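Novice: Okay, so here is data-v1.cif, and as you'll see once you scroll down, it has mmCIF, C-alpha atoms.
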```cif
data_input
loop_
_atom_site.label_atom_id
_atom_site.label_comp_id
_atom_site.auth_asym_id
_atom_site.auth_seq_id
_atom_site.Cartn_x
_atom_site.Cartn_y
_atom_site.Cartn_z
CA MET B 1 7.39 -1.75 34.63
CA LYS B 2 4.86 -2.36 31.85
CA HIS B 3 5.87 -1.18 28.41
CA PRO B 4 3.57 1.14 26.47
CA ASN B 5 1.86 -0.39 23.46
CA SER B 6 4.01 -0.67 20.33
CA TYR B 7 2.43 -0.33 16.89
CA PHE B 8 3.84 -2.52 14.11
CA ASP B 9 0.96 -2.40 11.61
CA HIS B 10 1.86 0.68 9.55
CA ASN B 11 1.12 -1.09 6.26
CA ALA B 12 -2.51 -1.33 7.35
CA THR B 13 -2.65 2.32 8.38
CA THR B 14 -0.04 4.66 9.76
CA PRO B 15 -0.69 7.11 12.63
CA LEU B 16 -1.79 10.64 11.80
CA ARG B 17 1.15 12.99 11.35
CA PRO B 18 1.19 16.21 13.43
CA GLU B 19 1.26 18.24 10.20
CA ALA B 20 -1.91 16.54 9.00
CA ARG B 21 -3.61 16.99 12.37
CA GLU B 22 -2.87 20.73 12.27
CA GLU B 23 -4.30 21.00 8.75
CA ILE B 24 -7.43 19.13 9.82
CA LEU B 25 -8.05 21.52 12.71
CA LEU B 26 -7.72 24.47 10.36
CA ALA B 27 -10.01 22.91 7.77
CA LEU B 28 -12.63 22.07 10.42
CA THR B 29 -13.26 25.78 10.83
CA ASP B 30 -14.30 26.07 7.17
CA VAL B 31 -17.86 25.63 5.99
CA GLY B 32 -17.75 26.01 2.21
CA ASN B 33 -18.34 23.47 -0.53
CA PRO B 34 -15.33 23.67 -2.88
CA SER B 35 -17.69 23.79 -5.86
CA SER B 36 -19.40 26.94 -4.58
CA THR B 37 -18.31 30.24 -6.10
CA HIS B 38 -18.75 32.42 -3.00
CA SER B 39 -15.92 33.24 -0.61
CA PHE B 40 -16.59 30.24 1.66
CA GLY B 41 -16.39 27.92 -1.31
CA ARG B 42 -13.23 29.57 -2.57
CA ILE B 43 -11.50 28.97 0.78
CA ALA B 44 -12.41 25.28 0.62
CA ARG B 45 -11.30 25.13 -3.01
CA LYS B 46 -7.94 26.62 -2.08
CA ARG B 47 -7.33 23.83 0.44
CA VAL B 48 -8.12 21.19 -2.19
CA GLU B 49 -5.93 22.79 -4.83
CA THR B 50 -3.02 23.29 -2.41
CA ALA B 51 -3.01 19.58 -1.70
CA ARG B 52 -3.37 18.77 -5.39
CA LYS B 53 -0.31 20.88 -6.17
CA ILE B 54 1.77 19.19 -3.44
CA ILE B 55 0.95 15.72 -4.77
CA ALA B 56 1.39 16.76 -8.41
CA GLU B 57 4.83 18.23 -7.76
CA SER B 58 5.88 15.15 -5.78
CA LEU B 59 5.26 12.92 -8.81
CA ASP B 60 6.35 15.47 -11.43
CA VAL B 61 2.94 15.76 -13.06
CA SER B 62 0.59 18.65 -13.69
CA THR B 63 -2.29 19.36 -11.32
CA GLY B 64 -4.64 18.39 -14.15
CA GLN B 65 -3.37 14.82 -13.87
CA VAL B 66 -4.34 14.47 -10.19
CA PHE B 67 -7.84 13.22 -9.30
CA PHE B 68 -9.03 12.88 -5.70
CA ASN B 69 -11.31 10.06 -4.56
CA SER B 70 -12.12 7.99 -1.46
CA GLY B 71 -8.98 5.88 -1.47
CA ALA B 72 -6.93 3.30 -3.32
CA THR B 73 -9.69 0.69 -3.33
CA GLU B 74 -11.89 3.06 -5.29
CA GLY B 75 -8.90 4.01 -7.44
CA ASN B 76 -8.02 0.42 -8.31
CA ASN B 77 -11.67 -0.37 -9.03
CA THR B 78 -12.00 2.72 -11.20
CA ILE B 79 -9.04 1.80 -13.39
CA LEU B 80 -9.63 -1.93 -13.65
CA LYS B 81 -13.39 -1.79 -14.18
CA GLY B 82 -12.73 0.69 -16.96
CA PHE B 83 -11.16 -2.22 -18.86
CA SER B 84 -14.01 -4.68 -18.24
CA GLY B 85 -14.47 -6.97 -21.25
CA LYS B 86 -10.88 -6.47 -22.37
CA ARG B 87 -7.85 -8.59 -21.61
CA VAL B 88 -6.31 -7.52 -18.29
CA LEU B 89 -3.20 -8.99 -16.67
CA CYS B 90 -2.72 -8.53 -12.93
CA SER B 91 0.02 -9.93 -10.70
CA ALA B 92 -0.97 -12.80 -8.43
CA VAL B 93 0.14 -10.79 -5.37
CA GLU B 94 -1.88 -7.63 -5.96
CA HIS B 95 -4.09 -6.14 -3.26
CA LEU B 96 -7.54 -7.72 -3.19
CA SER B 97 -9.10 -4.41 -4.25
CA SER B 98 -7.52 -5.19 -7.62
CA ILE B 99 -7.82 -8.98 -7.82
CA ASP B 100 -11.41 -9.03 -6.50
CA CYS B 101 -12.67 -5.87 -8.22
CA GLY B 102 -15.32 -7.77 -10.16
CA ILE B 103 -13.85 -8.14 -13.65
CA HIS B 104 -12.18 -11.09 -15.31
CA MET B 105 -8.40 -10.88 -15.28
CA GLU B 106 -5.49 -13.24 -15.77
CA LEU B 107 -2.97 -13.55 -12.95
CA ILE B 108 0.74 -13.19 -13.63
CA PRO B 109 2.70 -15.73 -11.55
CA VAL B 110 5.46 -14.69 -9.18
CA THR B 111 8.72 -16.25 -8.05
CA PRO B 112 9.23 -17.70 -4.54
CA ASP B 113 10.69 -14.30 -3.61
CA GLY B 114 7.44 -12.58 -4.60
CA LEU B 115 8.70 -10.90 -7.78
CA VAL B 116 6.62 -10.94 -10.95
CA ASP B 117 7.94 -13.70 -13.21
CA ILE B 118 9.13 -11.54 -16.10
CA GLU B 119 9.65 -14.43 -18.50
CA GLU B 120 6.12 -15.71 -17.89
CA LEU B 121 4.77 -12.19 -18.39
CA LYS B 122 6.57 -11.92 -21.73
CA LYS B 123 5.01 -15.22 -22.81
CA MET B 124 1.55 -14.06 -21.74
CA VAL B 125 1.71 -10.80 -23.70
CA SER B 126 3.21 -12.49 -26.78
CA ILE B 127 0.28 -14.89 -27.10
CA ASN B 128 -2.38 -12.19 -27.03
CA PRO B 129 -1.58 -8.55 -26.19
CA PRO B 130 -3.60 -7.27 -23.21
CA ALA B 131 -5.28 -3.89 -22.94
CA LEU B 132 -3.94 -3.30 -19.42
CA ILE B 133 -1.27 -4.68 -17.11
CA SER B 134 -1.67 -3.94 -13.39
CA VAL B 135 1.23 -4.47 -10.98
CA MET B 136 1.83 -2.81 -7.61
CA MET B 137 5.19 -1.18 -6.91
CA VAL B 138 5.58 -2.43 -3.32
CA ASN B 139 3.68 -5.39 -1.96
CA ASN B 140 1.62 -4.63 1.13
CA GLU B 141 2.44 -7.96 2.82
CA ASN B 142 6.09 -8.64 2.09
CA GLY B 143 7.41 -5.21 1.07
CA VAL B 144 8.96 -6.58 -2.14
CA ILE B 145 9.66 -3.89 -4.74
CA GLN B 146 8.53 -4.96 -8.21
CA PRO B 147 10.50 -4.06 -11.39
CA VAL B 148 7.68 -1.77 -12.50
CA LEU B 149 9.65 0.15 -15.14
CA GLU B 150 10.59 -3.12 -16.85
CA ILE B 151 6.97 -4.26 -16.64
CA SER B 152 5.82 -0.92 -18.08
CA LYS B 153 8.18 -1.35 -21.04
CA ILE B 154 6.77 -4.82 -21.68
CA ALA B 155 3.26 -3.34 -21.63
CA LYS B 156 4.20 -0.56 -24.04
CA SER B 157 5.92 -3.02 -26.39
CA VAL B 158 2.54 -4.64 -27.11
CA GLY B 159 0.43 -1.48 -26.98
CA ALA B 160 -0.98 -2.06 -23.48
CA LEU B 161 -1.46 0.53 -20.75
CA PHE B 162 0.16 0.11 -17.35
CA HIS B 163 -1.50 0.66 -13.96
CA CYS B 164 0.60 0.80 -10.80
CA ASP B 165 -0.84 0.57 -7.29
CA ALA B 166 1.72 2.72 -5.47
CA VAL B 167 0.01 2.76 -2.08
CA GLN B 168 2.90 1.18 -0.16
CA SER B 169 5.61 3.07 -2.04
CA TYR B 170 4.40 6.68 -2.06
CA GLY B 171 6.20 8.62 0.67
CA ARG B 172 8.50 5.63 1.27
CA ILE B 173 10.70 5.38 -1.82
CA PRO B 174 11.35 8.14 -4.38
CA PHE B 175 9.69 7.86 -7.81
CA THR B 176 7.82 9.90 -10.39
CA ARG B 177 5.10 8.91 -12.81
CA GLU B 178 7.48 9.10 -15.72
CA ASN B 179 10.34 7.10 -14.24
CA ILE B 180 8.07 4.13 -13.54
CA GLY B 181 6.30 4.46 -16.89
CA ALA B 182 2.79 4.29 -15.45
CA ASP B 183 -0.35 5.42 -17.27
CA PHE B 184 -2.34 5.21 -14.03
CA ILE B 185 -1.13 5.40 -10.42
CA THR B 186 -3.23 4.91 -7.29
CA ILE B 187 -2.16 6.20 -3.86
CA SER B 188 -3.80 6.56 -0.45
CA SER B 189 -3.64 9.21 2.27
CA HIS B 190 -3.68 7.05 5.38
CA LYS B 191 -0.54 5.17 4.35
CA VAL B 192 1.54 8.36 4.61
CA GLY B 193 0.04 9.75 7.81
CA GLY B 194 -3.13 11.41 6.53
CA THR B 195 -6.71 10.35 7.19
CA GLN B 196 -8.50 7.25 6.02
CA GLY B 197 -11.00 7.68 3.21
CA THR B 198 -8.97 9.84 0.81
CA GLY B 199 -6.94 8.80 -2.21
CA VAL B 200 -5.65 9.91 -5.59
CA ILE B 201 -5.44 8.62 -9.14
CA ILE B 202 -2.61 9.99 -11.27
CA VAL B 203 -3.17 9.82 -15.01
CA ALA B 204 -0.61 10.09 -17.81
CA PRO B 205 -0.97 12.95 -20.33
CA ASN B 206 -3.44 12.31 -23.13
CA THR B 207 -4.87 9.30 -21.30
CA SER B 208 -8.56 9.01 -20.50
CA LEU B 209 -9.54 8.25 -16.90
CA PRO B 210 -12.35 5.69 -16.62
CA LYS B 211 -15.32 6.94 -14.64
CA LEU B 212 -16.66 4.91 -11.73
CA VAL B 213 -18.70 7.43 -9.71
CA GLU B 214 -21.23 9.37 -11.79
CA GLY B 215 -23.47 12.25 -10.92
CA GLY B 216 -21.44 15.41 -10.53
CA GLY B 217 -18.98 17.73 -12.17
CA GLN B 218 -16.33 17.41 -9.49
CA GLU B 219 -12.71 16.50 -10.25
CA LYS B 220 -12.97 17.79 -13.82
CA ARG B 221 -16.13 15.67 -14.31
CA ALA B 222 -14.08 12.51 -13.74
CA ARG B 223 -15.37 11.61 -10.26
CA GLY B 224 -18.73 12.72 -8.93
CA GLY B 225 -19.24 13.68 -5.30
CA THR B 226 -18.32 16.62 -3.11
CA GLU B 227 -14.61 16.55 -2.38
CA ASN B 228 -13.55 15.52 1.13
CA VAL B 229 -11.89 18.85 1.89
CA ILE B 230 -10.65 17.89 5.36
CA GLY B 231 -9.21 14.57 4.17
CA ILE B 232 -7.64 16.12 1.08
CA ALA B 233 -6.06 18.93 3.09
CA ALA B 234 -4.64 16.37 5.52
CA PHE B 235 -3.37 14.28 2.59
CA GLY B 236 -1.44 17.24 1.22
CA ALA B 237 0.13 18.02 4.59
CA ALA B 238 1.00 14.38 5.28
CA ALA B 239 2.46 13.88 1.82
CA LYS B 240 4.64 16.97 2.17
CA ALA B 241 5.96 15.77 5.55
CA ALA B 242 6.52 12.20 4.37
CA LEU B 243 8.40 13.27 1.26
CA ALA B 244 10.61 15.60 3.31
CA GLN B 245 11.50 12.64 5.54
CA LEU B 246 12.21 10.00 2.89
CA ASN B 247 15.76 9.55 4.17
CA ASP B 248 14.46 8.88 7.67
CA PHE B 249 12.11 6.24 6.28
CA GLN B 250 14.99 4.50 4.51
CA LYS B 251 16.81 4.26 7.84
CA LEU B 252 13.99 2.09 9.21
CA SER B 253 15.82 -0.81 7.56
CA ILE B 254 18.29 -0.68 10.47
CA LEU B 255 15.46 -1.27 12.95
CA ARG B 256 13.82 -3.85 10.68
CA ASP B 257 17.08 -5.77 10.40
CA ARG B 258 17.41 -5.89 14.20
CA ILE B 259 14.03 -7.61 14.43
CA GLU B 260 14.89 -9.98 11.57
CA ALA B 261 18.20 -10.91 13.22
CA GLU B 262 16.30 -11.89 16.36
CA LEU B 263 13.62 -13.80 14.44
CA SER B 264 16.30 -15.67 12.49
CA LYS B 265 17.65 -17.22 15.68
CA SER B 266 14.60 -19.49 15.66
CA ASN B 267 14.47 -22.54 13.41
CA SER B 268 10.68 -22.14 13.37
CA VAL B 269 10.78 -18.81 11.49
CA ARG B 270 11.03 -18.22 7.77
CA ILE B 271 11.34 -14.67 6.40
CA TYR B 272 10.06 -13.95 2.88
CA GLY B 273 11.41 -11.60 0.21
CA ARG B 274 14.62 -11.11 2.12
CA ASP B 275 16.88 -11.78 -0.88
CA VAL B 276 15.36 -9.16 -3.19
CA ASP B 277 14.79 -5.42 -2.99
CA ARG B 278 12.25 -4.54 -0.31
CA VAL B 279 10.88 -1.37 1.16
CA SER B 280 12.69 -0.59 4.40
CA ASN B 281 9.85 -1.06 6.88
CA THR B 282 8.29 -4.47 6.18
CA ILE B 283 8.88 -8.01 7.43
CA SER B 284 6.84 -10.97 6.22
CA CYS B 285 7.44 -14.26 8.00
CA THR B 286 5.84 -17.46 9.19
CA VAL B 287 6.28 -19.14 12.56
CA ASP B 288 5.87 -22.91 12.68
CA GLY B 289 4.50 -24.67 15.73
CA VAL B 290 1.81 -22.19 16.74
CA ALA B 291 -1.58 -21.09 15.39
CA SER B 292 -1.86 -17.61 13.93
CA GLU B 293 -4.69 -16.55 16.25
CA THR B 294 -2.77 -17.73 19.31
CA LEU B 295 0.39 -15.85 18.42
CA LEU B 296 -1.36 -12.61 17.44
CA MET B 297 -3.45 -12.62 20.60
CA ALA B 298 -0.37 -13.25 22.74
CA PHE B 299 1.44 -10.33 21.10
CA ASP B 300 -1.59 -8.10 21.60
CA ILE B 301 -1.82 -8.95 25.30
CA GLU B 302 1.81 -7.88 25.61
CA GLY B 303 1.06 -4.56 23.89
CA ILE B 304 2.38 -5.40 20.40
CA ALA B 305 0.10 -4.71 17.43
CA LEU B 306 0.80 -6.85 14.36
CA SER B 307 -1.13 -8.27 11.46
CA ALA B 308 -1.36 -11.89 10.37
CA GLY B 309 -1.47 -11.97 6.62
CA ALA B 310 -3.93 -14.85 6.96
CA ALA B 311 -7.70 -15.19 6.99
CA CYS B 312 -9.47 -17.60 9.32
CA SER B 313 -12.70 -19.31 8.42
CA SER B 314 -14.50 -22.07 10.33
CA GLY B 315 -11.45 -22.75 12.47
CA THR B 316 -9.19 -23.41 9.47
CA THR B 317 -6.23 -21.10 8.92
CA ARG B 318 -5.65 -20.20 5.30
CA MET B 319 -2.45 -18.69 4.06
CA SER B 320 -2.84 -15.28 2.41
CA HIS B 321 -3.10 -15.24 -1.37
CA VAL B 322 0.27 -13.45 -1.48
CA LEU B 323 2.18 -16.15 0.38
CA THR B 324 0.25 -18.86 -1.47
CA ALA B 325 1.30 -17.35 -4.80
CA MET B 326 4.89 -17.47 -3.52
CA GLY B 327 4.53 -21.20 -2.88
CA VAL B 328 4.16 -21.11 0.91
CA GLU B 329 2.14 -24.02 2.24
CA GLY B 330 -0.67 -23.21 4.65
CA ARG B 331 -0.89 -25.24 7.87
CA ALA B 332 -2.93 -24.96 11.04
CA ASP B 333 0.28 -24.69 13.08
CA ARG B 334 1.97 -22.14 10.81
CA ALA B 335 1.40 -18.52 11.83
CA PRO B 336 1.96 -15.83 9.19
CA LEU B 337 3.08 -12.46 10.57
CA ARG B 338 3.44 -9.06 8.94
CA ILE B 339 5.54 -6.63 10.93
CA SER B 340 5.54 -3.11 9.50
CA LEU B 341 7.35 -0.10 10.94
CA GLY B 342 6.59 3.57 10.31
CA TRP B 343 7.46 7.22 10.79
CA ASN B 344 7.05 7.14 14.58
CA THR B 345 8.67 3.74 15.30
CA THR B 346 11.38 4.09 17.95
CA GLU B 347 14.31 2.10 19.32
CA LYS B 348 12.18 1.40 22.41
CA ASP B 349 9.53 -0.20 20.18
CA ILE B 350 12.16 -2.55 18.76
CA GLU B 351 13.43 -3.43 22.23
CA HIS B 352 9.86 -4.07 23.33
CA PHE B 353 9.23 -6.35 20.36
CA ILE B 354 12.40 -8.37 20.94
CA GLU B 355 11.63 -8.78 24.65
CA VAL B 356 8.09 -9.97 23.94
CA TRP B 357 9.19 -12.22 21.08
CA ASN B 358 11.69 -14.07 23.24
CA LYS B 359 9.11 -14.41 26.01
CA LEU B 360 6.50 -15.88 23.63
CA ARG B 361 9.02 -18.06 21.87
CA ALA B 362 9.90 -19.75 25.14
CA ARG B 363 6.25 -20.19 26.11
CA LEU B 364 4.35 -20.97 22.90
CA PHE B 365 6.53 -23.02 20.59
CA LYS B 366 9.84 -24.81 20.31
CA GLY B 367 12.76 -23.81 18.10
#
```
Just give me the structure as structure tokens.
Specialist:
Amino acid sequence: MKHPNSYFDHNATTPLRPEAREEILLALTDVGNPSSTHSFGRIARKRVETARKIIAESLDVSTGQVFFNSGATEGNNTILKGFSGKRVLCSAVEHLSSIDCGIHMELIPVTPDGLVDIEELKKMVSINPPALISVMMVNNENGVIQPVLEISKIAKSVGALFHCDAVQSYGRIPFTRENIGADFITISSHKVGGTQGTGVIIVAPNTSLPKLVEGGGQEKRARGGTENVIGIAAFGAAAKAALAQLNDFQKLSILRDRIEAELSKSNSVRIYGRDVDRVSNTISCTVDGVASETLLMAFDIEGIALSAGAACSSGTTRMSHVLTAMGVEGRADRAPLRISLGWNTTEKDIEHFIEVWNKLRARLFKG
């Protein structure tokens, strides 16, 4: 009997939660622009402000500190481009929406486990204090949890502001703006079970938000453009559900560890970030003896959706910038894999993965 498809790419996007779907269907019946003052507009505005309140309360901030936008890529660009021409430090394993946002920045090295090298960071800020330090809380490839509060304190000690990309941590591990010491936080709806194309920037009190999108008075004149009412409403519903199920998300480590135990039986597999704190749903590994495209395609044929963590160009496999920063050597016969679980991952999914893994291991590579 053929297994149903199993989805292990939740760090790319996680399936829509039923609560978000219900909110979308309700919002689809509305017609008003939330900036309009008539009754239709007020209904739309209420949906936006309900979601804003949910997200504000989840991070222990006021609603005036919550700004909606199109997603974390826009959020990271907004913050970082606001410091163009100033000294900016960014970890070498940040999401490319930060590293490649179009401004000059200096990269903070990381250890082989993927953690920011705190001693190197201290040296960098002592030479010339930066205006901004940007470090994500949870890495999207390896799930490693960075010591963001310690990094924030280093930033504050030299008068710098601290930006935290919290996309892979929001709704997965508990935190507030204050207890991570962030001046700016970026989060994204589709990572918690909302829709793609909606995100939030959280700003500390008495801190100015840089402006990226001009041309309107929306979001307290901080971000022009009519608010995505349907996406925002779904974000609020998804966030509320995810935060109510934080304990369930933590338990995914049991399922993750079952996969890792099976992977570890092979001498061809190396798992990264395993010896430091990680979020409970993520596995980053490489498999020697097989090309990335071959292994991913074979998994897909068997109904397993994964991501590679590598980019392919002109037939040459390149290791992702994250693994490269961790000192992992790229080879044509070394396949990087990212396996990420989520809110609807089941025991049957794990059994399916293990069955397929052992089948492919016997067929595609030795060890």
Novice: If you apply the PyMOL selection byres ((chain B and resi 294) around 12) to this file, what residues do you get, as a VMD selection string?
Specialist: chain B and resid 287 289 to 293 295 to 301 308 317 332 to 337 360 363 to 365
Novice: Go through the shown structure with the PyMOL selection byres ((chain B and resi 356) around 12) and write out the matching residues as an MDAnalysis selection string.
Specialist: chainID B and resid 2:3 5:6 259 262:263 295:296 298:305 349:355 357:364
Novice: At a cut-off of 8 Å, using all atoms listed in the file, what residues contact range 88-103 of chain B? Leave out same-chain residues fewer than 4 positions from it and give the result as an MDAnalysis selection string.
Specialist: chainID B and resid 73 76:77 80:81 83:84 107:110 114 116 130:136 139:140 321:322 325
Novice: For the residues in the current selection, export C-alpha atoms as a CSV table (one decimal), keeping the file's coordinate frame.
Specialist:
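The new file out.csv reads:
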```csv
chain,number,residue,atom,x,y,z
B,73,THR,CA,-9.7,0.7,-3.3
B,76,ASN,CA,-8.0,0.4,-8.3
B,77,ASN,CA,-11.7,-0.4,-9.0
B,80,LEU,CA,-9.6,-1.9,-13.6
B,81,LYS,CA,-13.4,-1.8,-14.2
B,83,PHE,CA,-11.2,-2.2,-18.9
B,84,SER,CA,-14.0,-4.7,-18.2
B,107,LEU,CA,-3.0,-13.6,-13.0
B,108,ILE,CA,0.7,-13.2,-13.6
B,109,PRO,CA,2.7,-15.7,-11.6
B,110,VAL,CA,5.5,-14.7,-9.2
B,114,GLY,CA,7.4,-12.6,-4.6
B,116,VAL,CA,6.6,-10.9,-11.0
B,130,PRO,CA,-3.6,-7.3,-23.2
B,131,ALA,CA,-5.3,-3.9,-22.9
B,132,LEU,CA,-3.9,-3.3,-19.4
B,133,ILE,CA,-1.3,-4.7,-17.1
B,134,SER,CA,-1.7,-3.9,-13.4
B,135,VAL,CA,1.2,-4.5,-11.0
B,136,MET,CA,1.8,-2.8,-7.6
B,139,ASN,CA,3.7,-5.4,-2.0
B,140,ASN,CA,1.6,-4.6,1.1
B,321,HIS,CA,-3.1,-15.2,-1.4
B,322,VAL,CA,0.3,-13.4,-1.5
B,325,ALA,CA,1.3,-17.4,-4.8
```
Novice: Here's the selection I'm unsure about, the PyMOL selection byres ((chain B and resi 37-48) around 9); applied to the file above, which residues does it give, as a list in words?
Specialist: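 Answer for the PyMOL selection byres ((chain B and resi 37-48) around 9): Ala27, Asp30, Val31, Gly32, Asn33, Pro34, Ser35, Ser36, Glu49, Thr50, Ala51, Arg52, Lys53, Glu227, Asn228, Val229, Ile230, Ile232, Ala233 and Gly236 of chain B.
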Novice: Smallest atom-to-atom distance to Leu209 in chain B: which of B:Ile55, B:Ala20, B:Met326, B:Ile79, using all atoms listed in the file?
Specialist: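 The answer is B:Ile79, which sits nearest to Leu209 in chain B.
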Novice: Counting all atoms listed in the file, figure out which residue out of B:Val203, B:Ser280, B:Ala234, B:Asn267 gets nearest to Leu26 in chain B.
Specialist: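 Using all atoms listed in the file, Leu26 in chain B sits closest to B:Ala234.
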Novice: When you count all atoms listed in the file, which of these residues is closest to Pro174 in chain B: B:Leu246, B:Val125, B:Ala155, B:Ala238?
Specialist: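 When distances to Pro174 in chain B are compared using all atoms listed in the file, the smallest one comes from B:Leu246.
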Novice: Compare B:Asn11, B:Ser126, B:Ser266, B:Thr346 by their minimum atom-to-atom distance to Val167 in chain B, counting only C-alpha atoms, and give me the closest one.
Specialist: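 Between B:Asn11, B:Ser126, B:Ser266, B:Thr346, the residue approaching Val167 in chain B most closely is B:Asn11.
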Novice: So, with all atoms listed in the file as the atoms that count, which of B:Thr176, B:Thr78, B:Asn69, B:Thr111 lies closest to Met137 in chain B?
Specialist: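 Looking only at the distances to Met137 in chain B, the closest residue turns out to be B:Thr176.
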Novice: For Ile254 in chain B, list every protein, DNA or RNA residue within 12 Å, evaluated using all atoms listed in the file, and leave out those in the same chain fewer than 2 positions away; present the list as a PyMOL selection string.
Specialist: chain B and resi 248-252+256-261+279-282+341+345-347+350
Novice: Can I get the selected residues back with C-alpha atoms, as a compact mmCIF listing (two decimals), in the coordinates of the input?
Specialist:
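Saved to part_28.txt:
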```txt
# COMPACT_ATOMS: atom_id res chain seq x y z
CA ASP B 248 14.46 8.88 7.67
CA PHE B 249 12.11 6.24 6.28
CA GLN B 250 14.99 4.50 4.51
CA LYS B 251 16.81 4.26 7.84
CA LEU B 252 13.99 2.09 9.21
CA ARG B 256 13.82 -3.85 10.68
CA ASP B 257 17.08 -5.77 10.40
CA ARG B 258 17.41 -5.89 14.20
CA ILE B 259 14.03 -7.61 14.43
CA GLU B 260 14.89 -9.98 11.57
CA ALA B 261 18.20 -10.91 13.22
CA VAL B 279 10.88 -1.37 1.16
CA SER B 280 12.69 -0.59 4.40
CA ASN B 281 9.85 -1.06 6.88
CA THR B 282 8.29 -4.47 6.18
CA LEU B 341 7.35 -0.10 10.94
CA THR B 345 8.67 3.74 15.30
CA THR B 346 11.38 4.09 17.95
CA GLU B 347 14.31 2.10 19.32
CA ILE B 350 12.16 -2.55 18.76
```
Novice: Quick one: residues within 6 Å of Ile145 in chain B, all atoms listed in the file counted, chain neighbours fewer than 5 positions away excluded, as a PDB file with C-alpha atoms, in the frame of the given file?
Specialist:
```pdb
ATOM      1  CA  MET B 137       5.190  -1.180  -6.910  1.00  0.00           C
ATOM      2  CA  VAL B 138       5.580  -2.430  -3.320  1.00  0.00           C
ATOM      3  CA  ASP B 277      14.790  -5.420  -2.990  1.00  0.00           C
ATOM      4  CA  ARG B 278      12.250  -4.540  -0.310  1.00  0.00           C
TER       5      ARG B 278
END
```
Novice: Rounded to one decimal in Å, what is the spacing between CA of Met105 in chain B and CA of Glu329 in chain B?
Specialist: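 Computed distance, CA of Met105 in chain B to CA of Glu329 in chain B, equals 24.3 Å.
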